[in-house]
Each structure stands twice: as C-alpha cells, then as structure tokens.
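Student: Enclosed is the structure file protein.cif (mmCIF, C-alpha atoms).
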```cif
data_start
loop_
_atom_site.label_atom_id
_atom_site.label_comp_id
_atom_site.auth_asym_id
_atom_site.auth_seq_id
_atom_site.Cartn_x
_atom_site.Cartn_y
_atom_site.Cartn_z
CA MET A 20 0.00 0.00 0.00
CA LYS A 21 1.37 3.41 -1.02
CA ILE A 22 2.52 5.97 1.54
CA PHE A 23 2.12 9.65 0.69
CA LYS A 24 4.56 11.86 2.57
CA SER A 25 2.41 15.00 2.33
CA LYS A 26 -0.98 16.22 1.13
CA LYS A 27 0.92 17.93 -1.68
CA GLU A 28 2.25 14.58 -2.88
CA LEU A 29 -1.24 13.08 -2.61
CA ILE A 30 -2.83 15.91 -4.58
CA LYS A 31 -0.16 15.84 -7.29
CA ASN A 32 -0.66 12.07 -7.62
CA GLN A 33 -4.45 12.07 -7.78
CA ILE A 34 -5.51 15.28 -9.51
CA LEU A 35 -4.96 16.20 -13.17
CA ASN A 36 -4.54 19.74 -14.47
CA ASN A 37 -7.87 19.54 -16.32
CA ASP A 38 -9.86 18.43 -13.26
CA ILE A 39 -12.61 20.58 -11.74
CA VAL A 40 -12.31 20.13 -7.97
CA LEU A 41 -14.52 20.84 -4.96
CA ASP A 42 -12.65 21.21 -1.67
CA VAL A 43 -15.03 20.38 1.20
CA GLY A 44 -14.07 21.96 4.52
CA PHE A 45 -11.38 23.92 2.70
CA TRP A 46 -10.95 26.65 5.29
CA GLY A 47 -10.34 24.33 8.19
CA GLU A 48 -8.23 25.05 11.23
CA GLN A 49 -5.21 27.35 11.11
CA ALA A 50 -5.85 28.25 7.46
CA ASP A 51 -3.05 30.41 6.07
CA VAL A 52 -4.15 31.69 2.67
CA ASN A 53 -0.60 32.82 1.89
CA SER A 54 1.06 29.48 2.60
CA PRO A 55 2.00 27.33 -0.42
CA ASP A 56 1.54 24.31 1.88
CA TRP A 57 -2.13 25.06 2.54
CA PRO A 58 -3.90 22.14 0.77
CA HIS A 59 -6.37 24.50 -0.88
CA ASN A 60 -3.52 26.46 -2.45
CA ILE A 61 -1.97 23.20 -3.65
CA LEU A 62 -5.29 22.31 -5.28
CA LEU A 63 -5.47 25.76 -6.90
CA SER A 64 -2.02 25.26 -8.41
CA GLN A 65 -2.78 21.73 -9.63
CA ALA A 66 -6.36 21.66 -10.96
CA GLN A 67 -8.03 23.54 -13.81
CA GLU A 68 -10.53 25.16 -11.43
CA VAL A 69 -11.23 24.80 -7.72
CA PHE A 70 -14.36 25.48 -5.69
CA GLY A 71 -14.78 25.39 -1.92
CA VAL A 72 -17.43 24.87 0.72
CA ASP A 73 -17.17 25.45 4.46
CA LEU A 74 -19.29 26.71 7.33
CA ASP A 75 -17.37 29.97 7.57
CA PHE A 76 -14.43 31.66 5.89
CA ASP A 77 -13.05 35.09 5.06
CA GLU A 78 -14.22 35.68 1.49
CA THR A 79 -12.17 38.88 1.21
CA THR A 80 -9.01 36.75 0.94
CA LEU A 81 -10.32 34.65 -1.96
CA ILE A 82 -9.67 35.51 -5.60
CA LYS A 83 -12.79 33.93 -7.17
CA LYS A 84 -15.40 34.61 -4.49
CA GLU A 85 -18.15 33.14 -6.69
CA ASN A 86 -16.48 29.71 -6.39
CA TYR A 87 -17.14 29.45 -2.67
CA LYS A 88 -20.24 28.76 -0.61
CA LYS A 89 -20.95 28.83 3.11
CA GLN A 90 -22.69 25.50 3.52
CA THR A 91 -22.23 22.45 5.71
CA ALA A 92 -20.30 19.37 4.62
CA GLU A 93 -23.44 17.34 5.28
CA ASN A 94 -25.69 19.37 2.99
CA PHE A 95 -24.03 21.21 0.12
CA ASN A 96 -25.05 21.78 -3.46
CA PHE A 97 -23.27 23.78 -6.16
CA GLY A 98 -25.67 23.06 -8.99
CA LYS A 99 -22.77 21.58 -10.99
CA GLU A 100 -20.76 18.37 -11.07
CA PHE A 101 -17.09 17.93 -10.22
CA ASP A 102 -14.37 15.54 -11.34
CA ILE A 103 -12.96 15.39 -7.81
CA ILE A 104 -14.27 16.12 -4.34
CA PHE A 105 -11.42 16.51 -1.86
CA ALA A 106 -12.27 15.94 1.82
CA GLY A 107 -9.04 16.41 3.73
CA ASP A 108 -9.46 15.77 7.47
CA VAL A 109 -13.22 16.37 7.31
CA LEU A 110 -15.00 13.09 8.14
CA GLU A 111 -13.86 12.98 11.76
CA HIS A 112 -15.65 16.31 12.40
CA LEU A 113 -19.09 15.28 11.08
CA SER A 114 -22.25 14.17 12.84
CA ASN A 115 -23.97 12.47 9.90
CA LEU A 116 -21.62 10.75 7.47
CA GLY A 117 -24.44 9.37 5.32
CA LEU A 118 -25.66 12.89 4.52
CA PHE A 119 -22.11 13.91 3.62
CA LEU A 120 -21.75 10.99 1.20
CA ASP A 121 -25.16 11.78 -0.35
CA SER A 122 -24.08 15.40 -0.92
CA CYS A 123 -20.90 14.16 -2.58
CA LYS A 124 -22.90 11.95 -4.94
CA ARG A 125 -25.13 14.88 -5.96
CA ASN A 126 -22.10 16.98 -6.86
CA LEU A 127 -19.84 14.41 -8.55
CA LYS A 128 -19.69 13.51 -12.22
CA LEU A 129 -20.59 9.95 -13.18
CA ASN A 130 -16.98 8.78 -13.01
CA GLY A 131 -15.90 11.32 -10.41
CA ARG A 132 -13.85 10.48 -7.34
CA LEU A 133 -13.99 11.34 -3.67
CA ILE A 134 -10.59 11.67 -1.96
CA ILE A 135 -10.69 11.24 1.83
CA THR A 136 -7.93 11.69 4.38
CA THR A 137 -8.62 11.02 8.06
CA PRO A 138 -6.71 10.02 11.20
CA ASN A 139 -5.89 6.34 11.67
CA ALA A 140 -7.67 5.19 14.85
CA PHE A 141 -4.88 2.67 15.46
CA SER A 142 -1.85 4.85 14.86
CA LEU A 143 1.13 4.29 17.14
CA PHE A 144 0.37 7.48 19.08
CA SER A 145 -3.16 6.33 19.95
CA ILE A 146 -2.01 2.84 20.95
CA VAL A 147 0.78 4.10 23.20
CA GLU A 148 -1.50 6.60 24.91
CA LYS A 149 -4.10 3.87 25.47
CA LEU A 150 -1.46 1.84 27.32
CA PHE A 151 -0.75 4.63 29.80
CA LYS A 152 -4.01 6.60 29.92
CA LYS A 153 -7.68 5.75 30.22
CA GLU A 154 -8.23 7.12 26.71
CA PRO A 155 -5.90 8.53 24.03
CA SER A 156 -5.83 12.28 23.50
CA VAL A 157 -8.38 13.41 20.92
CA ASN A 158 -9.32 16.62 19.19
CA SER A 159 -12.32 18.10 21.02
CA ASN A 160 -13.99 18.81 17.65
CA HIS A 161 -13.84 15.20 16.47
CA THR A 162 -16.89 12.95 16.55
CA VAL A 163 -15.55 9.68 15.12
CA TYR A 164 -12.33 7.85 14.20
CA PHE A 165 -11.68 5.25 11.51
CA ASN A 166 -9.45 2.46 10.40
CA PHE A 167 -9.49 1.09 6.85
CA VAL A 168 -12.04 -1.65 7.65
CA VAL A 169 -14.63 0.66 9.18
CA LEU A 170 -14.22 3.40 6.55
CA LYS A 171 -14.57 0.89 3.73
CA LYS A 172 -17.70 -0.56 5.37
CA LEU A 173 -19.20 2.93 5.69
CA LEU A 174 -18.59 3.62 2.00
CA GLU A 175 -19.88 0.24 0.83
CA LYS A 176 -23.09 0.61 2.86
CA ASN A 177 -23.67 3.94 1.16
CA ASN A 178 -23.09 2.50 -2.34
CA TRP A 179 -19.55 3.64 -2.97
CA LYS A 180 -16.72 1.54 -4.40
CA ILE A 181 -13.11 1.79 -3.25
CA VAL A 182 -10.69 2.82 -6.00
CA GLU A 183 -7.50 3.10 -3.94
CA SER A 184 -6.28 2.88 -0.34
CA ALA A 185 -3.10 4.47 1.00
CA TYR A 186 -1.42 5.99 4.04
CA LEU A 187 -0.60 9.65 4.64
CA ASP A 188 2.42 10.30 6.85
CA ASP A 189 2.41 14.09 7.10
CA ALA A 190 1.08 15.08 10.52
CA TRP A 191 4.43 15.16 12.35
CA PRO A 192 6.56 16.96 13.37
CA LYS A 193 5.16 20.22 11.95
CA TYR A 194 3.98 21.58 15.26
CA LYS A 195 5.73 22.31 18.54
CA GLN A 196 5.79 19.16 20.66
CA SER A 197 6.74 18.15 24.18
CA PHE A 198 9.95 16.24 24.88
CA LYS A 199 7.90 13.07 25.41
CA ARG A 200 6.14 13.43 22.08
CA LYS A 201 9.42 14.09 20.29
CA ASN A 202 10.80 10.81 21.65
CA LEU A 203 7.61 9.02 20.65
CA TRP A 204 8.10 10.42 17.14
CA LEU A 205 11.46 8.64 16.95
CA VAL A 206 9.81 5.37 18.02
CA TYR A 207 7.09 5.97 15.43
CA LYS A 208 9.65 6.41 12.66
CA PHE A 209 11.52 3.30 13.80
CA PHE A 210 8.42 1.10 13.63
CA GLY A 211 7.63 2.66 10.26
CA ILE A 212 10.72 0.93 8.86
CA PHE A 213 9.07 -2.47 9.47
CA THR A 214 5.32 -1.89 9.09
CA LYS A 215 2.93 0.72 7.71
CA LYS A 216 0.01 -0.10 10.00
CA PHE A 217 0.91 2.47 12.69
CA ILE A 218 1.04 5.46 10.30
CA GLN A 219 -1.02 8.36 11.59
CA ASN A 220 -3.41 8.99 8.67
CA ILE A 221 -5.27 6.92 6.10
CA VAL A 222 -6.39 7.77 2.56
CA ILE A 223 -9.34 6.37 0.62
CA VAL A 224 -10.24 7.22 -2.98
CA ALA A 225 -13.80 6.17 -3.83
CA SER A 226 -16.42 6.51 -6.58
CA PRO A 227 -20.21 6.13 -6.42
CA LYS A 228 -21.49 2.74 -7.57
#
```
Spell out the structure here as structure tokens.
Tutor:
Amino acid sequence: MKIFKSKKELIKNQILNNDIVLDVGFWGEQADVNSPDWPHNILLSQAQEVFGVDLDFDETTLIKKENYKKQTAENFNFGKEFDIIFAGDVLEHLSNLGLFLDSCKRNLKLNGRLIITTPNAFSLFSIVEKLFKKEPSVNSNHTVYFNFVVLKKLLEKNNWKIVESAYLDDAWPKYKQSFKRKNLWLVYKFFGIFTKKFIQNIVIVASPK
C-alpha cells in the first residue's frame, strides 16, 4: 500500500490539471491563505478550477469569491458536477456521514472520485497513549475515528466503491511538541521501517457505484 509523505504529494498524484475540484471543509483550522503548503492552495495550483465549501471563511481573501459557498459538509449543493471532491481531514468532524456521502454523490460527475484523508484510529500514538491513559488524547472537535475496515464498510453501505487505499504520513513533526512526544516520534519512525500499519493517517479514494 502506497505511503504519501504529504498532502501535496497526494494531490499531485491524484488530480490532473484539467480536473474541476470541490474542496469540502477547505478553510479548516489554522488556514493560512498565503502558505504554499495550505492544501487548498496546492489544489489551486494543480487543478483547472477549484471550488470550496465550508461553514465559515473570510471571502475577502479569496480571488474567485463566486467559487465558494458557506454550507455544511453534510448538505451542500453547487448546482454543478465535479471531477474530484477533496475531503481532507473532514469526516472525523461530522455528525452524519451518510448525509455527507449523499451530498458528494449529488455533486460528482458519473466517473468522479472522492478523496478522503482522516486520522488512523490505530496509529502508534493512539495505541501508546491507550497503554498509559484511560483514553488517548483526541481533538475536542472530532466525533468519530476510523481504520481502513470501518471506513470501507461505511462507503460500501452507502453504495460507494473503493478505488485506492493508502497511508498519509504528514502530521508530524510540523507543530511544537513536548519532549515526550518528540521521543515518541522517533519510536514511530523506527516502527515505520518495518510496518505501515501504525502510520497516523489513512487515505481512501472512492467513486459512487
């Protein structure tokens, strides 16, 4: 199974320069519209045209304001169809995943693809924390976590087919970390030499059946 080292590598691998892309939850946390590493900027540089949907964003910073709508990820509609819907770190924030997948179907072309990235419920960090704490640390805005089996089952039950599965190993060490977490990062990289299963994020590419 392939390992992508960054969202940029994932986007460059999956999206063609003639694709029309919808970025769901594009604004996200800590959005820096001037950063070339912001996934939305990577999409803008890669695809023919990019649209975005999120609950809230600063439209004054966006070049094509007409390409963006303030809607929820569970109920969005652009009145057009896209080649790609990109949902980077979105699923774990939602309350109703079935509604999200239905919205994606309404807005995708017949052979369009949905690209999902989400935390791996059984990453090394979660497992280690479970050994020493009652529960692993979680983002207070998250509602659900996945592994490949559960995410594939969710998609299949909602009439989606899996096109590709991969890992995304880009979450560390971008942010300031404690001494303990830095040491755990070294352990994480060591285990990564022998197995992929502890990598922090998973990727699924899917199409409607």
Student: I need the residue set behind the PyMOL selection byres ((chain A and resi 83) around 12) for this file; please write it as an mmCIF file with C-alpha atoms, in the coordinates of the input.
Tutor:
```cif
data_model
loop_
_atom_site.group_PDB
_atom_site.id
_atom_site.type_symbol
_atom_site.label_atom_id
_atom_site.label_comp_id
_atom_site.auth_asym_id
_atom_site.auth_seq_id
_atom_site.Cartn_x
_atom_site.Cartn_y
_atom_site.Cartn_z
ATOM 1 C CA LEU A 63 -5.470 25.760 -6.900
ATOM 2 C CA GLU A 68 -10.530 25.160 -11.430
ATOM 3 C CA VAL A 69 -11.230 24.800 -7.720
ATOM 4 C CA PHE A 70 -14.360 25.480 -5.690
ATOM 5 C CA GLY A 71 -14.780 25.390 -1.920
ATOM 6 C CA GLU A 78 -14.220 35.680 1.490
ATOM 7 C CA THR A 79 -12.170 38.880 1.210
ATOM 8 C CA THR A 80 -9.010 36.750 0.940
ATOM 9 C CA LEU A 81 -10.320 34.650 -1.960
ATOM 10 C CA ILE A 82 -9.670 35.510 -5.600
ATOM 11 C CA LYS A 84 -15.400 34.610 -4.490
ATOM 12 C CA GLU A 85 -18.150 33.140 -6.690
ATOM 13 C CA ASN A 86 -16.480 29.710 -6.390
ATOM 14 C CA TYR A 87 -17.140 29.450 -2.670
ATOM 15 C CA LYS A 88 -20.240 28.760 -0.610
#
```
Student: How many Å separate CA of Tyr164 in chain A from CA of Gly117 in chain A?
Tutor: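 So the two atoms, CA of Tyr164 in chain A and CA of Gly117 in chain A, lie 15.1 Å apart.
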Student: So, with all atoms listed in the file as the atoms that count, which of A:Asp42, A:Ile30, A:Glu111, A:Gly47 lies closest to Ser159 in chain A?
Tutor: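 With all atoms listed in the file as the atom set, the closest residue is A:Glu111.
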Student: I'd like to see the residues matched by the PyMOL selection byres ((chain A and resi 104-109) around 6) on this file, and ideally I'd get them as a compact mmCIF listing (two decimals) with C-alpha atoms, in the frame of the given file.
Tutor:
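In the end it all went to part31.txt:
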```txt
# COMPACT_ATOMS: atom_id res chain seq x y z
CA VAL A 40 -12.31 20.13 -7.97
CA LEU A 41 -14.52 20.84 -4.96
CA ASP A 42 -12.65 21.21 -1.67
CA VAL A 43 -15.03 20.38 1.20
CA ILE A 103 -12.96 15.39 -7.81
CA LEU A 110 -15.00 13.09 8.14
CA GLU A 111 -13.86 12.98 11.76
CA HIS A 112 -15.65 16.31 12.40
CA LEU A 133 -13.99 11.34 -3.67
CA ILE A 134 -10.59 11.67 -1.96
CA ILE A 135 -10.69 11.24 1.83
CA THR A 136 -7.93 11.69 4.38
CA THR A 137 -8.62 11.02 8.06
```
Student: I'd like to know which of A:Lys21, A:Asn94, A:Leu143, A:His59 is closest to Phe209 in chain A, using all atoms listed in the file.
Tutor: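 Distance minimum relative to Phe209 in chain A lands on A:Leu143.
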Student: Which residue, A:Asn139, A:Ser156, A:Ser184, A:Asn177, has the smallest gap to Lys216 in chain A when you use only C-alpha atoms?
Tutor: A:Asn139
Student: Got a sec: who's within 12 Å of Asn32 in chain A, counting all atoms listed in the file, leaving out chain neighbours fewer than 2 positions off, as a JSON list (two decimals) with C-alpha atoms, in the coordinates of the input?
Tutor:
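In the end it all went to out25.json:
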```json
[["chain", "number", "residue", "atom", "x", "y", "z"],
["A", 21, "LYS", "CA", 1.37, 3.41, -1.02],
["A", 22, "ILE", "CA", 2.52, 5.97, 1.54],
["A", 23, "PHE", "CA", 2.12, 9.65, 0.69],
["A", 24, "LYS", "CA", 4.56, 11.86, 2.57],
["A", 25, "SER", "CA", 2.41, 15.00, 2.33],
["A", 26, "LYS", "CA", -0.98, 16.22, 1.13],
["A", 27, "LYS", "CA", 0.92, 17.93, -1.68],
["A", 28, "GLU", "CA", 2.25, 14.58, -2.88],
["A", 29, "LEU", "CA", -1.24, 13.08, -2.61],
["A", 30, "ILE", "CA", -2.83, 15.91, -4.58],
["A", 34, "ILE", "CA", -5.51, 15.28, -9.51],
["A", 35, "LEU", "CA", -4.96, 16.20, -13.17],
["A", 36, "ASN", "CA", -4.54, 19.74, -14.47],
["A", 61, "ILE", "CA", -1.97, 23.20, -3.65],
["A", 62, "LEU", "CA", -5.29, 22.31, -5.28],
["A", 65, "GLN", "CA", -2.78, 21.73, -9.63],
["A", 66, "ALA", "CA", -6.36, 21.66, -10.96],
["A", 134, "ILE", "CA", -10.59, 11.67, -1.96],
["A", 183, "GLU", "CA", -7.50, 3.10, -3.94],
["A", 185, "ALA", "CA", -3.10, 4.47, 1.00],
["A", 224, "VAL", "CA", -10.24, 7.22, -2.98]]
```
